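Structure file protein26.cif (mmCIF, C-alpha atoms) is printed below.
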```cif
data_target
#
loop_
_atom_site.label_atom_id
_atom_site.label_comp_id
_atom_site.auth_asym_id
_atom_site.auth_seq_id
_atom_site.Cartn_x
_atom_site.Cartn_y
_atom_site.Cartn_z
CA MET Q 11 2.64 -19.15 5.35
CA PRO Q 12 -0.19 -21.66 4.66
CA ASN Q 13 -0.07 -22.71 8.34
CA SER Q 14 -0.34 -19.07 9.38
CA ARG Q 15 -3.39 -18.60 7.18
CA ALA Q 16 -5.02 -21.76 8.56
CA LEU Q 17 -4.45 -20.54 12.13
CA VAL Q 18 -5.94 -17.12 11.34
CA ASP Q 19 -8.96 -18.77 9.70
CA ARG Q 20 -9.48 -20.97 12.74
CA LEU Q 21 -9.15 -18.12 15.26
CA TRP Q 22 -11.07 -15.49 13.29
CA ASP Q 23 -14.58 -16.18 14.63
CA SER Q 24 -13.58 -17.17 18.15
CA ASN Q 25 -14.75 -15.15 21.14
CA ASP Q 26 -12.28 -16.81 23.49
CA PRO Q 27 -9.93 -14.10 24.90
CA THR Q 28 -6.95 -16.44 24.51
CA ASP Q 29 -7.76 -17.01 20.84
CA ILE Q 30 -8.17 -13.27 20.29
CA LEU Q 31 -4.70 -12.67 21.76
CA ARG Q 32 -3.27 -15.44 19.57
CA LEU Q 33 -4.95 -13.91 16.52
CA GLU Q 34 -3.46 -10.47 17.29
CA ALA Q 35 -0.01 -12.00 17.80
CA GLN Q 36 -0.32 -13.96 14.56
CA ALA Q 37 -1.33 -10.80 12.70
CA ARG Q 38 1.80 -9.02 14.00
CA LEU Q 39 3.98 -11.95 12.92
CA ILE Q 40 2.44 -12.02 9.44
CA SER Q 41 2.87 -8.25 9.11
CA ALA Q 42 6.53 -8.43 10.15
CA TYR Q 43 7.14 -11.27 7.69
CA GLU Q 44 5.53 -9.33 4.84
CA GLU Q 45 7.52 -6.18 5.65
CA ARG Q 46 10.78 -8.16 5.49
CA LYS Q 47 9.80 -10.12 2.40
CA TRP Q 48 8.30 -7.19 0.46
CA PRO Q 49 9.65 -3.92 1.92
CA ARG Q 50 7.86 -0.76 0.88
CA ARG Q 51 9.83 1.68 -1.17
CA PRO Q 52 9.32 5.39 -0.66
CA LEU Q 53 6.74 6.76 -3.07
CA SER Q 54 7.79 9.80 -5.09
CA ILE Q 55 5.37 12.59 -5.87
CA ALA Q 56 5.57 11.70 -9.56
CA ASP Q 57 4.69 8.05 -8.80
CA LEU Q 58 1.75 9.16 -6.68
CA ILE Q 59 0.43 11.51 -9.37
CA ARG Q 60 0.80 8.84 -12.07
CA HIS Q 61 -1.01 6.30 -9.90
CA LEU Q 62 -3.89 8.67 -9.14
CA MET Q 63 -4.17 9.68 -12.79
CA ASP Q 64 -4.32 6.03 -13.80
CA GLN Q 65 -6.89 5.14 -11.13
CA HIS Q 66 -9.16 8.00 -12.13
CA GLY Q 67 -8.62 7.82 -15.89
CA LEU Q 68 -7.06 11.28 -16.05
CA THR Q 69 -4.73 12.64 -18.70
CA ARG Q 70 -2.07 15.31 -18.28
CA ALA Q 71 -4.50 17.81 -19.78
CA ASP Q 72 -6.96 16.98 -16.98
CA MET Q 73 -4.29 17.86 -14.41
CA VAL Q 74 -3.64 21.43 -15.65
CA PRO Q 75 -6.46 22.98 -13.54
CA ILE Q 76 -5.09 21.17 -10.48
CA LEU Q 77 -1.33 21.62 -10.87
CA GLY Q 78 -1.15 24.80 -12.93
CA THR Q 79 0.44 25.29 -16.31
CA PRO Q 80 0.95 22.49 -18.86
CA SER Q 81 4.73 22.73 -18.38
CA ARG Q 82 4.32 22.25 -14.63
CA VAL Q 83 2.11 19.20 -15.21
CA SER Q 84 4.68 17.66 -17.54
CA LYS Q 85 7.48 18.20 -14.99
CA ARG Q 86 5.81 16.25 -12.18
CA PRO Q 87 4.97 12.95 -13.85
CA SER Q 88 8.29 12.82 -15.68
CA ARG Q 89 10.31 12.88 -12.40
CA GLN Q 90 11.92 16.27 -12.70
CA GLU Q 91 12.75 18.84 -10.05
CA GLY Q 92 13.85 16.79 -7.08
CA ASP Q 93 11.75 13.64 -7.12
#
```
Encoding of this model in structure tokens:
Amino acid sequence: MPNSRALVDRLWDSNDPTDILRLEAQARLISAYEERKWPRRPLSIADLIRHLMDQHGLTRADMVPILGTPSRVSKRPSRQEGD
């Protein structure tokens, strides 16, 4: 991977069409490697809600106006009802 990074760094500012094609090919190779090495897992609705709450400093009480009743809010982040 360090060689890949060095190649990207070298090609990054080039205006040569050949270098641009090499950079695009290298980006596809790096992306494929990362997908194999660290595959993405499907994100559940509860995970998404928890992440957004954390990012925005929200509590469950803050979510009641958005999701409805307090019982409905507590169901989502605790992975109930089909997550």
Requested in this report: Decode the PyMOL selection byres ((chain Q and resi 29-40) around 12) for the given file into explicit residues and return them as a PyMOL selection string.
Outcome: chain Q and resi 11-28+41-48
For the residues in that selection, give me C-alpha atoms as a JSON list (two decimals), in the frame of the given file.
```
[["chain", "number", "residue", "atom", "x", "y", "z"],
["Q", 11, "MET", "CA", 2.64, -19.15, 5.35],
["Q", 12, "PRO", "CA", -0.19, -21.66, 4.66],
["Q", 13, "ASN", "CA", -0.07, -22.71, 8.34],
["Q", 14, "SER", "CA", -0.34, -19.07, 9.38],
["Q", 15, "ARG", "CA", -3.39, -18.60, 7.18],
["Q", 16, "ALA", "CA", -5.02, -21.76, 8.56],
["Q", 17, "LEU", "CA", -4.45, -20.54, 12.13],
["Q", 18, "VAL", "CA", -5.94, -17.12, 11.34],
["Q", 19, "ASP", "CA", -8.96, -18.77, 9.70],
["Q", 20, "ARG", "CA", -9.48, -20.97, 12.74],
["Q", 21, "LEU", "CA", -9.15, -18.12, 15.26],
["Q", 22, "TRP", "CA", -11.07, -15.49, 13.29],
["Q", 23, "ASP", "CA", -14.58, -16.18, 14.63],
["Q", 24, "SER", "CA", -13.58, -17.17, 18.15],
["Q", 25, "ASN", "CA", -14.75, -15.15, 21.14],
["Q", 26, "ASP", "CA", -12.28, -16.81, 23.49],
["Q", 27, "PRO", "CA", -9.93, -14.10, 24.90],
["Q", 28, "THR", "CA", -6.95, -16.44, 24.51],
["Q", 41, "SER", "CA", 2.87, -8.25, 9.11],
["Q", 42, "ALA", "CA", 6.53, -8.43, 10.15],
["Q", 43, "TYR", "CA", 7.14, -11.27, 7.69],
["Q", 44, "GLU", "CA", 5.53, -9.33, 4.84],
["Q", 45, "GLU", "CA", 7.52, -6.18, 5.65],
["Q", 46, "ARG", "CA", 10.78, -8.16, 5.49],
["Q", 47, "LYS", "CA", 9.80, -10.12, 2.40],
["Q", 48, "TRP", "CA", 8.30, -7.19, 0.46]]
```
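Interatomic distance, atom CA of Q:Leu62 against atom CA of Q:Ser81: 18.9 Å.
If you look at atom CA of Q:Ser84 and atom CA of Q:Ala56, they are 10.0 Å away from each other.
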Requested in this report: Provide the atom CA of Q:Val83 to atom CA of Q:Arg70 distance in Å, to one decimal place.
Outcome: 6.5 Å
